[in-house]
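**Student:** So here's work29.txt (compact mmCIF, C-alpha atoms).
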# COMPACT_ATOMS: atom_id res chain seq x y z
CA MET A 1 -6.68 21.83 -1.18
CA ALA A 2 -5.56 18.72 -3.10
CA ALA A 3 -3.30 20.85 -5.31
CA ASP A 4 -1.77 22.48 -2.23
CA ARG A 5 -1.00 19.08 -0.71
CA ARG A 6 0.67 17.93 -3.92
CA ARG A 7 2.80 21.06 -4.10
CA ASP A 8 3.88 20.44 -0.52
CA ARG A 9 4.88 16.88 -1.49
CA GLN A 10 6.83 18.17 -4.47
CA GLU A 11 8.65 20.68 -2.28
CA ALA A 12 9.51 17.96 0.22
CA LEU A 13 10.91 15.84 -2.60
CA VAL A 14 13.00 18.78 -3.85
CA ARG A 15 14.55 19.09 -0.39
CA THR A 16 15.44 15.42 -0.58
CA LEU A 17 16.98 15.91 -4.03
CA GLU A 18 19.15 18.72 -2.70
CA THR A 19 20.38 16.44 0.08
CA GLU A 20 21.14 13.71 -2.47
CA GLY A 21 22.97 16.11 -4.79
CA LEU A 22 20.49 15.59 -7.66
CA ASP A 23 19.12 18.16 -10.08
CA GLY A 24 15.93 16.15 -10.49
CA LEU A 25 14.20 12.80 -10.16
CA VAL A 26 12.55 10.80 -12.94
CA VAL A 27 9.45 9.14 -11.51
CA THR A 28 7.95 6.08 -13.20
CA SER A 29 6.14 4.33 -10.32
CA HIS A 30 2.39 4.74 -10.91
CA ALA A 31 1.73 5.19 -7.20
CA ASN A 32 4.45 7.82 -6.86
CA ILE A 33 3.19 9.70 -9.92
CA ARG A 34 -0.29 9.81 -8.41
CA TYR A 35 1.09 10.90 -5.04
CA LEU A 36 3.04 13.82 -6.55
CA THR A 37 0.67 14.96 -9.30
CA GLY A 38 -2.74 13.33 -8.89
CA PHE A 39 -2.54 11.62 -12.28
CA SER A 40 -4.05 8.12 -12.07
CA GLY A 41 -3.47 6.83 -15.60
CA SER A 42 -1.31 3.85 -16.48
CA ALA A 43 1.19 5.51 -18.83
CA ALA A 44 3.34 8.47 -17.83
CA VAL A 45 6.84 9.67 -17.01
CA VAL A 46 7.32 12.51 -14.54
CA VAL A 47 10.41 14.54 -13.71
CA VAL A 48 10.62 16.75 -10.64
CA THR A 49 13.35 19.40 -10.47
CA ARG A 50 13.92 22.38 -8.20
CA ALA A 51 12.03 24.61 -10.62
CA ASP A 52 9.72 22.36 -12.66
CA VAL A 53 7.40 19.38 -12.57
CA LEU A 54 6.89 17.81 -15.99
CA LEU A 55 4.44 15.02 -16.79
CA VAL A 56 4.53 13.31 -20.16
CA THR A 57 1.79 10.89 -21.19
CA ASP A 58 0.17 9.59 -24.37
CA PHE A 59 -2.90 10.73 -26.28
CA ARG A 60 -5.26 8.36 -24.44
CA TYR A 61 -4.81 10.39 -21.26
CA ASP A 62 -4.74 13.92 -22.67
CA ALA A 63 -7.88 15.23 -20.98
CA GLN A 64 -7.42 13.10 -17.87
CA ALA A 65 -3.84 14.23 -17.25
CA ARG A 66 -4.69 17.89 -17.68
CA GLY A 67 -7.69 17.55 -15.38
CA GLU A 68 -5.92 15.58 -12.64
CA ALA A 69 -2.41 17.06 -12.77
CA GLY A 70 -2.60 20.28 -14.75
CA ALA A 71 -2.68 22.47 -11.65
CA VAL A 72 0.62 21.12 -10.29
CA ALA A 73 2.59 19.99 -13.37
CA ARG A 74 3.30 20.92 -16.95
CA VAL A 75 1.52 18.27 -19.00
CA GLU A 76 2.89 17.20 -22.39
CA VAL A 77 1.18 14.64 -24.59
CA ASP A 78 2.69 12.61 -27.42
CA SER A 79 0.85 10.41 -29.89
CA THR A 80 3.89 8.29 -30.76
CA SER A 81 6.40 7.82 -27.93
CA VAL A 82 6.16 9.05 -24.35
CA TRP A 83 9.90 8.50 -23.82
CA ASP A 84 10.95 10.34 -26.98
CA ARG A 85 8.81 13.29 -25.96
CA PHE A 86 10.16 13.10 -22.41
CA PHE A 87 13.79 13.48 -23.51
CA LYS A 88 12.82 16.31 -25.86
CA GLU A 89 11.11 18.19 -23.05
CA LEU A 90 13.91 17.41 -20.59
CA ALA A 91 16.25 19.46 -22.75
CA THR A 92 14.03 22.53 -22.19
CA LEU A 93 14.41 22.50 -18.40
CA GLY A 94 17.74 24.36 -18.34
CA LEU A 95 21.32 23.48 -17.51
CA LEU A 96 20.58 20.41 -15.40
CA THR A 97 23.06 17.56 -15.56
CA THR A 98 22.37 14.93 -12.91
CA PHE A 99 19.09 13.07 -12.54
CA GLY A 100 18.03 10.26 -10.29
CA TYR A 101 15.71 7.51 -11.44
CA GLU A 102 13.65 4.99 -9.49
CA ALA A 103 15.74 1.83 -9.62
CA GLN A 104 13.03 -0.15 -7.84
CA ALA A 105 10.38 0.79 -10.41
CA LEU A 106 12.13 1.15 -13.78
CA SER A 107 12.46 -1.82 -16.12
CA VAL A 108 15.86 -2.77 -17.52
CA HIS A 109 14.53 -1.99 -20.99
CA ASP A 110 13.51 1.55 -20.04
CA ALA A 111 16.70 2.15 -18.08
CA GLY A 112 18.60 1.39 -21.29
CA ARG A 113 17.04 4.48 -22.84
CA PHE A 114 19.23 6.65 -20.60
CA ALA A 115 22.41 5.40 -22.28
CA GLN A 116 20.96 6.18 -25.71
CA ALA A 117 18.44 9.03 -25.95
CA GLY A 118 19.48 10.30 -22.52
CA LYS A 119 23.25 10.26 -22.95
CA ALA A 120 23.44 14.05 -22.54
CA TRP A 121 22.70 13.67 -18.84
CA ARG A 122 24.16 11.77 -15.92
CA TRP A 123 21.82 9.16 -14.42
CA ILE A 124 21.97 7.97 -10.81
CA PRO A 125 19.89 5.03 -9.49
CA THR A 126 17.90 5.89 -6.38
CA THR A 127 15.72 3.79 -4.11
CA GLU A 128 12.40 4.82 -2.57
CA LEU A 129 12.93 8.57 -2.27
CA VAL A 130 9.22 9.21 -2.77
CA GLU A 131 8.15 6.15 -0.79
CA ARG A 132 9.84 7.59 2.29
CA LEU A 133 7.64 10.67 2.00
CA ARG A 134 4.56 8.53 1.44
CA ALA A 135 5.12 6.68 4.74
CA VAL A 136 3.67 9.68 6.63
CA LYS A 137 0.01 10.23 5.78
CA ASP A 138 -1.79 13.57 5.86
CA ASP A 139 -5.38 14.01 7.06
CA GLY A 140 -6.85 13.46 3.61
CA GLU A 141 -4.96 10.22 3.13
CA VAL A 142 -5.99 8.91 6.54
CA ALA A 143 -9.62 9.75 5.78
CA ALA A 144 -9.45 7.88 2.46
CA ILE A 145 -7.95 4.79 4.10
CA ARG A 146 -10.57 4.89 6.88
CA SER A 147 -13.35 5.07 4.29
CA ALA A 148 -11.87 2.16 2.35
CA ALA A 149 -11.52 0.10 5.54
CA LEU A 150 -15.11 0.72 6.63
CA LEU A 151 -16.33 -0.08 3.12
CA ALA A 152 -14.41 -3.35 3.25
CA GLY A 153 -15.98 -4.22 6.57
CA GLU A 154 -19.48 -3.62 5.25
CA ALA A 155 -18.71 -5.73 2.15
CA LEU A 156 -17.62 -8.61 4.38
CA ARG A 157 -20.78 -8.42 6.47
CA GLU A 158 -22.90 -8.60 3.31
CA THR A 159 -20.84 -11.53 2.07
CA LEU A 160 -20.92 -13.55 5.30
CA ALA A 161 -24.71 -13.34 5.32
CA GLN A 162 -24.66 -15.39 2.10
CA VAL A 163 -22.01 -17.96 3.03
CA ARG A 164 -23.26 -21.54 3.34
CA PRO A 165 -21.43 -24.85 3.84
CA GLY A 166 -20.50 -26.32 0.47
CA ALA A 167 -20.13 -22.97 -1.31
CA SER A 168 -16.94 -22.80 -3.35
CA GLU A 169 -14.13 -20.42 -2.51
CA LEU A 170 -14.46 -18.84 -5.96
CA ALA A 171 -18.19 -18.27 -5.51
CA ILE A 172 -17.67 -16.56 -2.15
CA ALA A 173 -14.85 -14.46 -3.60
CA GLY A 174 -17.23 -13.40 -6.38
CA VAL A 175 -19.87 -12.31 -3.86
CA LEU A 176 -17.26 -10.36 -1.90
CA GLU A 177 -15.85 -8.61 -4.96
CA GLY A 178 -19.36 -7.75 -6.12
CA ALA A 179 -20.16 -6.24 -2.72
CA LEU A 180 -16.94 -4.20 -2.76
CA ARG A 181 -17.75 -2.79 -6.19
CA ARG A 182 -21.37 -2.11 -5.35
CA LEU A 183 -20.37 -0.18 -2.23
CA GLY A 184 -17.94 1.98 -4.20
CA SER A 185 -14.48 0.36 -4.23
CA GLU A 186 -12.46 1.54 -7.22
CA GLY A 187 -10.82 -1.85 -7.62
CA HIS A 188 -9.00 -4.68 -5.90
CA PRO A 189 -5.38 -3.64 -5.26
CA PHE A 190 -4.54 -7.22 -4.32
CA ALA A 191 -6.20 -10.43 -5.44
CA THR A 192 -9.22 -11.31 -3.32
CA ILE A 193 -8.66 -14.78 -1.91
CA VAL A 194 -11.06 -16.90 0.11
CA ALA A 195 -9.39 -19.96 1.64
CA SER A 196 -11.07 -22.73 3.59
CA GLY A 197 -10.04 -25.80 5.56
CA PRO A 198 -6.38 -26.78 5.23
CA ARG A 199 -5.81 -24.00 2.68
CA SER A 200 -6.27 -21.46 5.48
CA ALA A 201 -2.78 -22.52 6.62
CA LEU A 202 -1.35 -20.68 3.60
CA PRO A 203 -0.43 -17.16 4.79
CA HIS A 204 -1.28 -15.66 1.41
CA ALA A 205 -4.42 -17.70 0.86
CA ARG A 206 -6.76 -16.46 3.55
CA SER A 207 -10.18 -14.88 3.84
CA THR A 208 -9.35 -11.30 3.05
CA ARG A 209 -10.85 -8.14 1.66
CA ARG A 210 -9.14 -5.14 0.26
CA ALA A 211 -10.90 -2.00 -0.89
CA GLN A 212 -9.64 1.08 -2.70
CA LEU A 213 -11.03 4.62 -2.52
CA ASP A 214 -9.43 7.73 -4.03
CA GLY A 215 -6.47 5.47 -4.85
CA TYR A 216 -5.92 4.51 -1.20
CA CYS A 217 -6.09 0.92 -0.01
CA ALA A 218 -7.51 -0.87 3.00
CA ASP A 219 -6.22 -4.31 3.99
CA ILE A 220 -8.26 -6.35 6.47
CA THR A 221 -8.40 -10.06 7.31
CA ARG A 222 -11.00 -12.06 9.21
CA THR A 223 -11.11 -15.80 9.96
CA VAL A 224 -14.49 -17.49 10.46
CA VAL A 225 -15.71 -21.03 11.17
CA VAL A 226 -18.26 -22.37 8.66
CA GLY A 227 -20.63 -25.31 8.96
CA ALA A 228 -20.05 -26.22 12.61
CA ARG A 229 -19.18 -24.81 15.98
CA ALA A 230 -15.52 -24.08 16.58
CA THR A 231 -13.58 -26.93 18.14
CA GLU A 232 -11.75 -26.37 21.39
CA ARG A 233 -8.43 -26.15 19.49
CA GLN A 234 -9.85 -23.61 17.05
CA GLN A 235 -11.19 -21.52 19.94
CA VAL A 236 -7.82 -21.59 21.72
CA LEU A 237 -5.83 -20.64 18.61
CA TYR A 238 -8.27 -17.95 17.61
CA GLY A 239 -8.27 -16.52 21.12
CA LEU A 240 -4.47 -16.43 21.18
CA VAL A 241 -4.21 -14.60 17.86
CA ARG A 242 -7.00 -12.19 18.83
CA GLU A 243 -5.30 -11.41 22.13
CA ALA A 244 -1.96 -10.79 20.38
CA GLN A 245 -3.61 -8.65 17.71
CA GLN A 246 -5.42 -6.49 20.25
CA ARG A 247 -2.25 -6.10 22.32
CA ALA A 248 -0.38 -4.82 19.29
CA ARG A 249 -3.29 -2.75 18.05
CA VAL A 250 -3.44 -0.67 21.23
CA GLY A 251 0.27 -0.79 22.06
CA VAL A 252 1.90 0.25 18.80
CA ARG A 253 3.27 3.81 18.83
CA ALA A 254 5.06 6.21 16.52
CA GLY A 255 8.74 6.25 17.42
CA MET A 256 8.71 2.58 18.42
CA SER A 257 11.03 0.46 16.30
CA GLY A 258 9.49 -1.92 13.79
CA ARG A 259 11.13 -4.71 15.77
CA ASP A 260 9.53 -3.67 19.07
CA ALA A 261 6.13 -3.28 17.41
CA ASP A 262 6.40 -6.80 15.99
CA ALA A 263 7.26 -8.11 19.48
CA LEU A 264 3.95 -6.83 20.88
CA ALA A 265 2.16 -9.67 19.08
CA ARG A 266 5.01 -12.14 18.65
CA ASP A 267 5.94 -12.42 22.33
CA PRO A 268 2.56 -13.71 23.61
CA ILE A 269 2.28 -16.16 20.71
CA ALA A 270 5.81 -17.45 21.32
CA ALA A 271 5.17 -17.67 25.06
CA ARG A 272 2.36 -20.16 24.35
CA GLY A 273 4.70 -22.29 22.23
CA PHE A 274 3.45 -21.24 18.81
CA GLY A 275 6.28 -18.91 17.78
CA GLU A 276 7.29 -21.09 14.83
CA ALA A 277 3.73 -20.96 13.49
CA PHE A 278 3.91 -17.14 13.22
CA GLY A 279 6.31 -16.96 10.30
CA HIS A 280 5.65 -13.51 8.82
CA SER A 281 6.00 -9.99 10.16
CA LEU A 282 3.32 -8.23 12.19
CA GLY A 283 2.43 -5.75 9.48
CA HIS A 284 3.35 -3.13 6.91
CA GLY A 285 2.53 0.37 5.79
CA LEU A 286 -0.63 1.05 3.81
CA GLY A 287 -1.51 3.80 1.36
CA LEU A 288 -1.59 4.16 -2.41
CA GLU A 289 -0.21 0.63 -2.49
CA VAL A 290 -1.29 -2.24 -0.30
CA HIS A 291 2.30 -2.83 0.85
CA GLU A 292 4.31 0.29 1.71
CA ALA A 293 6.81 1.50 4.29
CA PRO A 294 7.21 1.15 7.21
CA ARG A 295 7.73 -2.51 8.13
CA LEU A 296 6.60 -3.93 11.46
CA SER A 297 9.15 -6.72 11.44
CA LYS A 298 11.44 -8.45 13.90
CA ILE A 299 14.40 -7.45 11.71
CA ASN A 300 13.52 -3.74 11.36
CA PRO A 301 15.35 -1.51 13.91
CA ASP A 302 14.05 1.75 12.42
CA PRO A 303 11.47 3.87 14.25
CA LEU A 304 7.91 3.97 12.95
CA PRO A 305 7.15 7.51 11.72
CA ALA A 306 4.35 9.56 13.22
CA GLY A 307 1.47 9.73 10.77
CA ALA A 308 2.03 6.32 9.18
CA VAL A 309 -0.88 3.93 8.57
CA VAL A 310 0.02 0.31 9.26
CA THR A 311 -1.59 -3.11 9.30
CA ILE A 312 -1.67 -5.20 12.49
CA GLU A 313 -1.99 -8.80 11.32
CA PRO A 314 -0.57 -11.62 13.45
CA GLY A 315 -1.37 -15.19 12.49
CA VAL A 316 -0.56 -18.82 13.19
CA TYR A 317 -0.53 -21.53 10.50
CA PHE A 318 -0.43 -25.31 10.62
CA PRO A 319 0.12 -27.00 7.23
CA GLY A 320 -2.49 -29.61 6.45
CA ASP A 321 -4.72 -28.38 9.29
CA GLY A 322 -5.54 -24.69 9.03
CA GLY A 323 -4.67 -21.28 10.33
CA VAL A 324 -5.91 -18.08 11.93
CA ARG A 325 -5.12 -14.51 10.91
CA ILE A 326 -6.71 -11.29 12.14
CA GLU A 327 -5.88 -7.93 10.56
CA ASP A 328 -6.90 -4.31 11.10
CA ASP A 329 -5.58 -0.95 9.91
CA VAL A 330 -4.17 1.57 12.40
CA HIS A 331 -3.07 5.20 12.08
CA LEU A 332 -0.04 6.12 14.18
CA ALA A 333 -1.45 9.43 15.34
CA PRO A 334 0.47 11.75 17.72
CA ALA A 335 -1.91 10.91 20.58
CA GLY A 336 -1.59 7.16 20.04
CA PRO A 337 -2.86 4.43 17.71
CA GLU A 338 -6.14 5.21 15.97
CA LEU A 339 -8.14 2.27 14.60
CA LEU A 340 -9.33 2.91 11.02
CA SER A 341 -11.09 -0.40 10.31
CA ASP A 342 -14.10 -1.75 12.19
CA GLY A 343 -12.12 -3.83 14.72
CA LEU A 344 -14.87 -6.48 14.86
CA THR A 345 -12.76 -9.51 15.71
CA ASP A 346 -15.07 -11.74 17.76
CA LEU A 347 -15.01 -15.32 16.45
CA LEU A 348 -17.86 -15.89 13.98
CA GLU A 349 -19.39 -19.34 13.59
CA LEU A 350 -21.54 -19.65 10.45
CA VAL A 351 -23.49 -22.80 11.21
Now that the file is in, can you turn its structure into structure tokens?
**Tutor:**
Amino acid sequence: MAADRRRDRQEALVRTLETEGLDGLVVTSHANIRYLTGFSGSAAVVVVTRADVLLVTDFRYDAQARGEAGAVARVEVDSTSVWDRFFKELATLGLLTTFGYEAQALSVHDAGRFAQAGKAWRWIPTTELVERLRAVKDDGEVAAIRSAALLAGEALRETLAQVRPGASELAIAGVLEGALRRLGSEGHPFATIVASGPRSALPHARSTRRAQLDGYCADITRTVVVGARATERQQVLYGLVREAQQRARVGVRAGMSGRDADALARDPIAARGFGEAFGHSLGHGLGLEVHEAPRLSKINPDPLPAGAVVTIEPGVYFPGDGGVRIEDDVHLAPAGPELLSDGLTDLLELV
């Protein structure tokens, strides 16, 4: 079944290449390589053409590459240089002249190889051809993200049971990361950050947990009060963000523009006079990477594709004081939004 899904993805990419007038695409993004072939190692170059899929890696990944990708790609292994072997094998693919490469993923150093070892071919920079396919998730991808999200929720519950006033942010982060690993997370696709007091006003320094299963990420945020009951101001701000988050969580739909989705949460926050405190977008796509297409942003006029998985994460932040952010993961299913994370957003007071 997994091999069939990957062949379908490769065929969809070939249709895109035909539209773009390309004979093939050189893929160097680790996430895109895994999406197309299943290979999860850290060193590989893949080329997809209308007739072939070639994966070149080094000797460290010989058995792994053949096991993960051998059913959907020709695997070649080199003990000296992956790129030298890649160009050698490229010459065996027939009379192909024009290849795209991932401009957003390839280093300047590696792009320079095309003018030297790759001078026999014409090279065209492309942007996010595979990422556009990845925006729509199949059933297996949705299931993996749901599992990662539920795992993350359980890890947080275990962690909160051990939080006490005076504990350091690093110590709490260590407990959380240990719980994620113990419950089966493959890794932490984004740094785990626990922020308290005034530091909670930093949008990228908040209590957060991200889990990863089968390569797919969950991204969930909860804000809690520790050591005392919530003040009236904290209750009001938390209630506002929770109301906006729930409004967006149930109102977001496939086909809605990213701008209109963002407005679902932004409008009620702005109506209460806190629009300037909500400085980031409502959310983003989620999958093999923790930040993917599509964007739920006030500047994005494009429609959200059916089948996407997105985060819903409004927040308000007050420098020197603190902030509130609440985040869940939602699948844009044909019948409407489907919550993948636990959705437990009642205000917690750890006294």
**Student:** From the options A:Asp84, A:Glu349, A:Asp110, A:Glu18, which residue's atoms come nearest to Tyr238 in chain A, counting only C-alpha atoms?
**Tutor:**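 Using only C-alpha atoms, Tyr238 in chain A sits closest to A:Glu349.
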**Student:** Between A:Gly336, A:Val27, A:Ala117, A:Glu177, which one has atoms that come closest to Gln104 in chain A, using all atoms listed in the file?
**Tutor:** A:Val27
**Student:** As a short mmCIF file (atom, residue, chain, number, x, y, z; two decimals) with C-alpha atoms, in the frame of the given file, please: the residues near Arg132 in chain A (cut-off 10 Å, only C-alpha atoms, same-chain neighbours under 6 positions excluded).
**Tutor:**
data_model
loop_
_atom_site.label_atom_id
_atom_site.label_comp_id
_atom_site.auth_asym_id
_atom_site.auth_seq_id
_atom_site.Cartn_x
_atom_site.Cartn_y
_atom_site.Cartn_z
CA LEU A 13 10.91 15.84 -2.60
CA GLU A 292 4.31 0.29 1.71
CA ALA A 293 6.81 1.50 4.29
CA PRO A 294 7.21 1.15 7.21
CA PRO A 305 7.15 7.51 11.72
#
**Student:** Please identify all polymer residues within 8 Å of range 141-149 of chain A, counting only C-alpha atoms, omitting same-chain residues fewer than 3 positions from it, and present them as a list in words.
**Tutor:**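 Using only C-alpha atoms, the neighbours found are Lys137, Asp138, Ala152, Gly153, Ser185, Arg210, Ala211, Gln212, Leu213, Asp214, Tyr216, Cys217, Ala218, Asp219, Ile220, Gly287, Val309, Asp329, His331, Leu340, Ser341 and Asp342 of chain A.
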**Student:** Near range 239-245 of chain A, counting only C-alpha atoms, which residues have an atom at most 10 Å away, once you skip same-chain residues fewer than 2 positions from it, shown as an MDAnalysis selection string?
**Tutor:** chainID A and resid 233:237 247:251 263:269 272 274 278 282 312:316 324:328 345:347
**Student:** Taking into account only C-alpha atoms, which residue in the set A:Ala120, A:Val26, A:Val77, A:Val136 is nearest to Phe99 in chain A?
**Tutor:**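 Using only C-alpha atoms, Phe99 in chain A sits closest to A:Val26.
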**Student:** Please enclose the listed atoms of range 152-157 of chain A in an axis-aligned box, pad each side by 8 Å, and write out the centre and the three edge lengths in Å, rounded to one decimal, as AutoDock Vina command-line options.
**Tutor:**
--center_x -17.6 --center_y -6.0 --center_z 4.4 --size_x 22.4 --size_y 21.3 --size_z 20.4
**Student:** For CA of Glu289 in chain A and CA of Ala103 in chain A, determine how far apart the two atoms are, in Å to one decimal place.
**Tutor:**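 So the two atoms, CA of Glu289 in chain A and CA of Ala103 in chain A, lie 17.5 Å apart.
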**Student:** Would you mind listing what lies within 9 Å of Pro303 in chain A as a list in words, with all atoms listed in the file counted and same-chain residues fewer than 5 positions away left out?
**Tutor:**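 Answer for this query is Ala254, Gly255, Met256, Ser257, Gly258, Arg259 and Pro294 of chain A.
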**Student:** Might you pull out every residue within 8 Å of Arg164 in chain A, with only C-alpha atoms counted and same-chain residues fewer than 4 positions away left off, and present them as a list in words?
**Tutor:**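 Once the nearby chain positions are removed, what remains is Val226, Gly227, Leu350 and Val351 of chain A.
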**Student:** Export C-alpha atoms of the chosen residues as a CSV table (one decimal), keeping the file's coordinate frame?
**Tutor:**
chain,number,residue,atom,x,y,z
A,226,VAL,CA,-18.3,-22.4,8.7
A,227,GLY,CA,-20.6,-25.3,9.0
A,350,LEU,CA,-21.5,-19.6,10.4
A,351,VAL,CA,-23.5,-22.8,11.2
**Student:** Using only C-alpha atoms, which of A:Phe59, A:Ala44, A:Thr97, A:Pro334 sits nearest Ala31 in chain A?
**Tutor:**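 Using only C-alpha atoms, Ala31 in chain A sits closest to A:Ala44.
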**Student:** From the set A:Ala135, A:Ala65, A:Val45, A:Leu339, which residue has the shortest atom-to-atom contact distance to Arg9 in chain A, counting all atoms listed in the file?
**Tutor:** A:Ala135
**Student:** Within 12 Å of (-19.8, -6.9, 1.9) (coordinates as in the file), grab all the protein and nucleic acid residues, counting only C-alpha atoms, and write them out as a PyMOL selection string.
**Tutor:** chain A and resi 149-163+172-185+208-211
**Student:** Enter the distance from CA of Ala230 in chain A to CA of Gly279 in chain A, in Å, rounded to one decimal.
**Tutor:**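 Those two atoms sit 23.8 Å apart.
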**Student:** Quick one: distance from CA of Gly285 in chain A to CA of Arg134 in chain A in Å, one decimal?
**Tutor:**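 We find that CA of Gly285 in chain A and CA of Arg134 in chain A lie 9.5 Å from each other.
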**Student:** Identify which of the residues A:Leu288, A:Val310, A:Leu344, A:Ala335 lies closest to Gln246 in chain A, counting all atoms listed in the file when measuring atom-to-atom distances.
**Tutor:** A:Leu344
